[in-house]
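Below is the file run_26.csv, which contains CSV, C-alpha atoms.
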chain,number,residue,atom,x,y,z
A,1,MET,CA,0.0,0.0,0.0
A,2,ILE,CA,2.9,2.3,0.8
A,3,TYR,CA,4.5,1.7,-2.6
A,4,ALA,CA,1.1,2.2,-4.3
A,5,HIS,CA,0.6,5.5,-2.5
A,6,ARG,CA,4.1,7.0,-2.7
A,7,GLU,CA,4.9,8.1,-6.3
A,8,ASP,CA,8.5,8.4,-5.4
A,9,SER,CA,8.8,4.7,-4.7
A,10,ASP,CA,10.7,2.6,-7.2
A,11,PHE,CA,7.9,0.1,-7.0
A,12,HIS,CA,5.0,2.6,-7.4
A,13,GLU,CA,3.8,1.6,-10.8
A,14,ASN,CA,3.8,-2.1,-10.1
A,15,ALA,CA,2.2,-1.7,-6.7
A,16,LEU,CA,-0.5,0.7,-7.9
A,17,SER,CA,-1.5,-1.4,-10.9
A,18,SER,CA,-1.6,-4.5,-8.6
A,19,LEU,CA,-3.8,-2.8,-6.1
A,20,VAL,CA,-6.1,-1.3,-8.7
A,21,ALA,CA,-6.4,-4.7,-10.4
A,22,LEU,CA,-7.3,-6.3,-7.0
A,23,ALA,CA,-9.8,-3.6,-6.2
A,24,GLU,CA,-11.5,-3.9,-9.6
A,25,SER,CA,-11.5,-7.7,-9.7
A,26,GLY,CA,-14.8,-8.0,-7.9
A,27,ASN,CA,-13.2,-10.4,-5.4
A,28,ARG,CA,-13.2,-9.8,-1.6
A,29,TRP,CA,-9.9,-8.7,-0.1
A,30,ALA,CA,-8.8,-7.6,3.3
A,31,ILE,CA,-6.4,-5.3,5.1
A,32,PRO,CA,-5.5,-6.1,8.7
A,33,TRP,CA,-5.9,-3.2,11.1
A,34,PRO,CA,-2.2,-3.2,12.1
A,35,CYS,CA,-1.3,-2.6,8.4
A,36,LEU,CA,-3.5,0.5,8.3
A,37,HIS,CA,-1.7,1.8,11.4
A,38,GLU,CA,1.7,1.0,9.9
A,39,PHE,CA,0.7,2.8,6.6
A,40,LEU,CA,-0.1,5.9,8.5
A,41,ALA,CA,3.0,5.7,10.6
A,42,ILE,CA,5.4,5.1,7.7
A,43,THR,CA,4.0,7.5,5.1
A,44,THR,CA,3.8,10.4,7.5
A,45,HIS,CA,7.2,9.9,9.0
A,46,PRO,CA,9.6,12.8,8.2
A,47,ARG,CA,12.7,10.6,8.6
A,48,ILE,CA,11.4,8.1,6.1
A,49,PHE,CA,10.0,10.3,3.4
A,50,ASP,CA,11.1,13.8,2.5
A,51,PRO,CA,8.5,15.3,2.3
A,52,PRO,CA,6.3,12.9,4.3
A,53,THR,CA,2.7,12.5,3.3
A,54,PRO,CA,0.4,14.9,5.2
A,55,MET,CA,-1.7,12.9,7.6
A,56,GLU,CA,-5.0,14.1,6.0
A,57,MET,CA,-3.8,12.8,2.6
A,58,ALA,CA,-2.7,9.5,4.1
A,59,ILE,CA,-6.1,9.1,5.7
A,60,GLU,CA,-7.8,9.9,2.4
A,61,ALA,CA,-5.8,7.3,0.6
A,62,LEU,CA,-6.9,4.7,3.0
A,63,LYS,CA,-10.5,5.8,2.8
A,64,SER,CA,-10.4,5.4,-1.0
A,65,TRP,CA,-9.4,1.7,-0.6
A,66,LEU,CA,-11.9,1.0,2.2
A,67,VAL,CA,-14.9,1.8,0.1
A,68,PRO,CA,-17.3,-1.2,0.4
A,69,SER,CA,-17.9,-1.3,-3.3
A,70,MET,CA,-14.1,-2.0,-3.8
A,71,GLY,CA,-14.6,-5.4,-2.0
A,72,CYS,CA,-12.2,-4.5,0.8
A,73,GLU,CA,-12.8,-5.2,4.5
A,74,VAL,CA,-10.7,-4.5,7.5
A,75,ILE,CA,-9.9,-7.5,9.7
A,76,GLY,CA,-8.6,-7.8,13.2
A,77,GLU,CA,-8.3,-9.8,16.3
A,78,GLU,CA,-11.5,-11.8,17.2
A,79,LEU,CA,-12.3,-14.6,19.6
A,80,GLY,CA,-9.8,-17.4,19.0
A,81,TYR,CA,-7.1,-15.2,17.5
A,82,PHE,CA,-4.8,-15.5,20.5
A,83,ASP,CA,-4.6,-19.3,20.0
A,84,VAL,CA,-3.4,-18.8,16.4
A,85,LEU,CA,-0.9,-16.1,17.5
A,86,SER,CA,0.4,-18.4,20.3
A,87,ASP,CA,1.0,-21.3,17.9
A,88,LEU,CA,2.7,-19.0,15.4
A,89,VAL,CA,5.2,-17.4,17.8
A,90,VAL,CA,6.0,-20.7,19.5
A,91,ASN,CA,6.4,-22.7,16.3
A,92,ALA,CA,8.4,-20.0,14.4
A,93,ARG,CA,10.4,-19.1,17.6
A,94,ILE,CA,9.4,-15.5,17.3
A,95,THR,CA,10.6,-12.9,19.8
A,96,GLY,CA,10.9,-9.1,20.1
A,97,PRO,CA,9.9,-6.9,17.2
A,98,ALA,CA,9.0,-9.9,15.0
A,99,VAL,CA,5.9,-10.3,17.2
A,100,HIS,CA,4.3,-7.5,15.1
A,101,ASP,CA,4.7,-9.6,11.9
A,102,ALA,CA,3.3,-12.6,13.8
A,103,ARG,CA,0.3,-10.5,14.8
A,104,VAL,CA,-0.5,-9.7,11.2
A,105,ALA,CA,0.0,-13.3,10.1
A,106,ALA,CA,-2.3,-14.6,12.9
A,107,ILE,CA,-5.0,-12.1,12.0
A,108,CYS,CA,-4.8,-13.2,8.4
A,109,LEU,CA,-4.9,-16.9,9.2
A,110,HIS,CA,-7.7,-16.5,11.8
A,111,ASN,CA,-9.8,-14.7,9.2
A,112,GLY,CA,-9.2,-17.2,6.4
A,113,VAL,CA,-6.9,-15.1,4.3
A,114,ARG,CA,-5.5,-17.3,1.5
A,115,ALA,CA,-2.4,-15.2,0.7
A,116,LEU,CA,-0.8,-12.1,2.2
A,117,TRP,CA,0.4,-9.6,-0.3
A,118,THR,CA,3.7,-8.3,1.0
A,119,ALA,CA,7.2,-7.4,-0.2
A,120,ASP,CA,8.5,-8.3,3.3
A,121,ARG,CA,10.3,-11.7,3.1
A,122,ASP,CA,10.1,-12.0,6.9
A,123,PHE,CA,6.6,-13.4,6.5
A,124,SER,CA,8.0,-16.6,5.0
A,125,ARG,CA,8.7,-17.7,8.6
A,126,PHE,CA,5.0,-18.4,8.9
A,127,GLY,CA,4.6,-21.5,6.7
A,128,ALA,CA,0.9,-21.7,7.2
A,129,LEU,CA,0.4,-18.3,5.5
A,130,LYS,CA,1.1,-18.1,1.8
A,131,THR,CA,2.6,-14.8,0.6
A,132,HIS,CA,2.6,-13.0,-2.7
A,133,ASN,CA,4.9,-10.2,-3.7
A,134,PRO,CA,2.8,-8.0,-6.0
A,135,VAL,CA,5.8,-5.8,-6.9
A,136,ALA,CA,8.2,-8.6,-7.8
A,137,VAL,CA,9.6,-8.4,-11.3
A,138,ALA,CA,9.1,-11.7,-13.0
Could I get this file's structure written as structure tokens?
Amino acid sequence: MIYAHREDSDFHENALSSLVALAESGNRWAIPWPCLHEFLAITTHPRIFDPPTPMEMAIEALKSWLVPSMGCEVIGEELGYFDVLSDLVVNARITGPAVHDARVAAICLHNGVRALWTADRDFSRFGALKTHNPVAVA
């Protein structure tokens, strides 16, 4: 989402076309709540982007993707989520900051997500969750 939003990203075109294709596919898709928070934190951070995205613009970008007619829903922790998280962190031997990735993976698995779109290879630690890199050049 960050690459699709930031025109100064090397991956902007691939990310944007992938996101648009997904949104226009008619299929249901989801964004975990922590990913929305991370999008706001990263795109508006002045030490990451110069200039950073103004918060109002970042919020508007998210709102444009969260329109119900686009097939997107936001997913989060629900009853039973903690069991999935516990299994993931123990089986993958996760500690420290990697717990954040485990949280996202557990939310996805608990909500029946078939594949997580990410350029972050760290998610390969969670074998039960398939990943897809939408900006990878074939």
- Message: Taking only C-alpha atoms into account, name the residue in A:Ala61, A:Ala128, A:Cys72, A:Ile42 that is nearest to Leu22 in chain A.
- Response: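 Using only C-alpha atoms, Leu22 in chain A sits closest to A:Cys72.
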- Atomic distance CA of Asn91 in chain A - CA of Glu38 in chain A, expressed in Å with one decimal: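 So the answer is 25.0 Å.
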Go through range 46-85 of chain A and flag each residue having an atom no more than 12 Å from range 3-14 of chain A; for those, report the closest pair of atoms plus their distance in Å to one decimal, using only C-alpha atoms, ordered by chain and rising number, as a tab-separated table.
residue	atom	partner	partner_atom	distance
A:Ile48	CA	A:Arg6	CA	11.5
A:Phe49	CA	A:Arg6	CA	9.1
A:Asp50	CA	A:Asp8	CA	9.9
A:Pro51	CA	A:Asp8	CA	10.3
A:Pro52	CA	A:Arg6	CA	9.4
A:Thr53	CA	A:Arg6	CA	8.3
A:Pro54	CA	A:Arg6	CA	11.8
A:Met57	CA	A:His5	CA	9.9
A:Ala58	CA	A:His5	CA	8.4
A:Ile59	CA	A:His5	CA	11.2
A:Glu60	CA	A:His5	CA	10.7
A:Ala61	CA	A:His5	CA	7.3
A:Leu62	CA	A:His5	CA	9.3
A:Ser64	CA	A:His5	CA	11.1
A:Trp65	CA	A:His5	CA	10.9
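You will find CA of Gly71 in chain A at 6.2 Å from CA of Asn27 in chain A.
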- Task: Could you tell me which of A:Pro134, A:Gly127, A:Pro34, A:Gly96 comes closest to Leu19 in chain A if we count all atoms listed in the file?
- Result: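 Closest to Leu19 in chain A of all the choices is A:Pro134.
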- Query: To one decimal place, how far is CA of Ala105 in chain A from CA of Leu88 in chain A in Å?
  - Reply: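 Answer for the CA of Ala105 in chain A to CA of Leu88 in chain A separation: 8.2 Å.
Counting all atoms listed in the file and comparing A:Leu40, A:Ala98, A:Ile31, A:Val89, the residue that lies closest to Ile75 in chain A is A:Ile31.
Among the candidates A:His100, A:His37, A:His110, A:Arg28, the one nearest to Val84 in chain A when counting all atoms listed in the file is A:His110.
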- Item | Minimum-distance residue to Met70 in chain A, chosen among A:Leu16, A:Met1, A:Val135, A:Ala23 (using only C-alpha atoms) | A:Ala23
- Smallest atom-to-atom distance to Tyr81 in chain A: which of A:Ala119, A:Leu129, A:Ile107, A:Ala41, using all atoms listed in the file? A:Ile107
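The shell of residues at most 8 Å from range 112-118 of chain A, with all atoms listed in the file counted and near chain neighbours (fewer than 5 positions) removed, consists of Ala30, Leu129, Lys130, Thr131, His132, Asn133 and Pro134 of chain A.
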Produce a file of the selected residues containing C-alpha atoms, as a compact mmCIF listing (two decimals), keeping the file's coordinate frame.
# COMPACT_ATOMS: atom_id res chain seq x y z
CA ALA A 30 -8.80 -7.60 3.30
CA LEU A 129 0.40 -18.30 5.50
CA LYS A 130 1.10 -18.10 1.80
CA THR A 131 2.60 -14.80 0.60
CA HIS A 132 2.60 -13.00 -2.70
CA ASN A 133 4.90 -10.20 -3.70
CA PRO A 134 2.80 -8.00 -6.00
Restore N, CA and C atoms in range 96-114 of chain A and list the result as a PDB file, keeping the file's coordinate frame.
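To be explicit, this is the file written out as rebuild.pdb:
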ATOM      1  N   GLY A  96      10.659 -10.550  20.332  1.00  0.00           N
ATOM      2  CA  GLY A  96      10.900  -9.100  20.100  1.00  0.00           C
ATOM      3  C   GLY A  96      10.046  -8.516  19.018  1.00  0.00           C
ATOM      4  N   PRO A  97      10.645  -7.648  18.186  1.00  0.00           N
ATOM      5  CA  PRO A  97       9.900  -6.900  17.200  1.00  0.00           C
ATOM      6  C   PRO A  97       9.155  -7.794  16.155  1.00  0.00           C
ATOM      7  N   ALA A  98       9.618  -9.028  15.973  1.00  0.00           N
ATOM      8  CA  ALA A  98       9.000  -9.900  15.000  1.00  0.00           C
ATOM      9  C   ALA A  98       7.571 -10.315  15.434  1.00  0.00           C
ATOM     10  N   VAL A  99       7.222 -10.035  16.685  1.00  0.00           N
ATOM     11  CA  VAL A  99       5.900 -10.300  17.200  1.00  0.00           C
ATOM     12  C   VAL A  99       4.839  -9.511  16.348  1.00  0.00           C
ATOM     13  N   HIS A 100       5.238  -8.319  15.894  1.00  0.00           N
ATOM     14  CA  HIS A 100       4.300  -7.500  15.100  1.00  0.00           C
ATOM     15  C   HIS A 100       3.955  -8.262  13.792  1.00  0.00           C
ATOM     16  N   ASP A 101       4.937  -8.862  13.114  1.00  0.00           N
ATOM     17  CA  ASP A 101       4.700  -9.600  11.900  1.00  0.00           C
ATOM     18  C   ASP A 101       3.779 -10.850  12.249  1.00  0.00           C
ATOM     19  N   ALA A 102       4.070 -11.485  13.380  1.00  0.00           N
ATOM     20  CA  ALA A 102       3.300 -12.600  13.800  1.00  0.00           C
ATOM     21  C   ALA A 102       1.817 -12.210  14.042  1.00  0.00           C
ATOM     22  N   ARG A 103       1.621 -11.030  14.574  1.00  0.00           N
ATOM     23  CA  ARG A 103       0.300 -10.500  14.800  1.00  0.00           C
ATOM     24  C   ARG A 103      -0.480 -10.395  13.482  1.00  0.00           C
ATOM     25  N   VAL A 104       0.155  -9.804  12.483  1.00  0.00           N
ATOM     26  CA  VAL A 104      -0.500  -9.700  11.200  1.00  0.00           C
ATOM     27  C   VAL A 104      -0.764 -11.033  10.575  1.00  0.00           C
ATOM     28  N   ALA A 105       0.191 -11.945  10.650  1.00  0.00           N
ATOM     29  CA  ALA A 105       0.000 -13.300  10.100  1.00  0.00           C
ATOM     30  C   ALA A 105      -1.138 -14.009  10.832  1.00  0.00           C
ATOM     31  N   ALA A 106      -1.199 -13.897  12.143  1.00  0.00           N
ATOM     32  CA  ALA A 106      -2.300 -14.600  12.900  1.00  0.00           C
ATOM     33  C   ALA A 106      -3.633 -13.979  12.572  1.00  0.00           C
ATOM     34  N   ILE A 107      -3.717 -12.676  12.409  1.00  0.00           N
ATOM     35  CA  ILE A 107      -5.000 -12.100  12.000  1.00  0.00           C
ATOM     36  C   ILE A 107      -5.422 -12.616  10.660  1.00  0.00           C
ATOM     37  N   CYS A 108      -4.492 -12.700   9.723  1.00  0.00           N
ATOM     38  CA  CYS A 108      -4.800 -13.200   8.400  1.00  0.00           C
ATOM     39  C   CYS A 108      -5.286 -14.672   8.470  1.00  0.00           C
ATOM     40  N   LEU A 109      -4.516 -15.513   9.135  1.00  0.00           N
ATOM     41  CA  LEU A 109      -4.900 -16.900   9.200  1.00  0.00           C
ATOM     42  C   LEU A 109      -6.210 -17.114   9.933  1.00  0.00           C
ATOM     43  N   HIS A 110      -6.411 -16.391  11.013  1.00  0.00           N
ATOM     44  CA  HIS A 110      -7.700 -16.500  11.800  1.00  0.00           C
ATOM     45  C   HIS A 110      -8.869 -16.084  10.974  1.00  0.00           C
ATOM     46  N   ASN A 111      -8.665 -15.161  10.047  1.00  0.00           N
ATOM     47  CA  ASN A 111      -9.800 -14.700   9.200  1.00  0.00           C
ATOM     48  C   ASN A 111      -9.873 -15.337   7.872  1.00  0.00           C
ATOM     49  N   GLY A 112      -9.112 -16.406   7.656  1.00  0.00           N
ATOM     50  CA  GLY A 112      -9.200 -17.200   6.400  1.00  0.00           C
ATOM     51  C   GLY A 112      -8.580 -16.586   5.206  1.00  0.00           C
ATOM     52  N   VAL A 113      -7.633 -15.672   5.406  1.00  0.00           N
ATOM     53  CA  VAL A 113      -6.900 -15.100   4.300  1.00  0.00           C
ATOM     54  C   VAL A 113      -6.096 -16.169   3.598  1.00  0.00           C
ATOM     55  N   ARG A 114      -6.199 -16.259   2.282  1.00  0.00           N
ATOM     56  CA  ARG A 114      -5.500 -17.300   1.500  1.00  0.00           C
ATOM     57  C   ARG A 114      -4.051 -16.917   1.222  1.00  0.00           C
TER      58      ARG A 114
END
